[in-house]
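Each remark here refers to the structure printed beneath this line.
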Amino acid sequence: MAAPTQAPERLLTPGEVATLFRVDPKTVTRWASAGRIGSIRTPGGHRRFRESEVRGLLADLTSEATLSHH
């Protein structure tokens, strides 16, 4: 049996990222322009975001929000 190949990482659209963060897609685009979140450009010029990076950032923001409430 062949070893499982590493699946390519899923790329999220600005809309999908916006849904995760509960923000407007324009906000996600601003974050990318400001360098707060890394983005990849498709050949057509659209932004895509690495799922692992998005989830990492989401976890950081969630823990910061939790800490600031104490």
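Ordering of the structure tokens sets the chain letters (A, B, ...), residue numbers begin anew at 1 in every chain, and ligands are numbered from 1 in the order given.
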
Using DSSP on the backbone, list every residue of chain A that comes out as strand (DSSP E), and give them as a ChimeraX atom specification.
/A:11-12,40-41,47-50

List as an NGL selection string the protein and nucleic acid residues near Glu16 in chain A, meaning an atom at most 12 Å away when only C-alpha atoms are counted, but skip any in the same chain fewer than 2 places from it.
:A and (10-14 or 18-26 or 28-29 or 47-51 or 54-55)

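Here CA of Ala59 in chain A stands at a distance of 22.6 Å from CA of Ala7 in chain A.
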
Measuring atom to atom with only C-alpha atoms, identify which of A:Pro43, A:Arg36, A:Arg30, A:Gly15 is nearest to Leu61 in chain A.
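Answer, going by the shortest atom-to-atom distance: A:Arg36.
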
Pairwise distance for CA of Gly45 in chain A and CA of Thr5 in chain A, rounded to one decimal in Å
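Pair CA of Gly45 in chain A / CA of Thr5 in chain A returns 28.7 Å.
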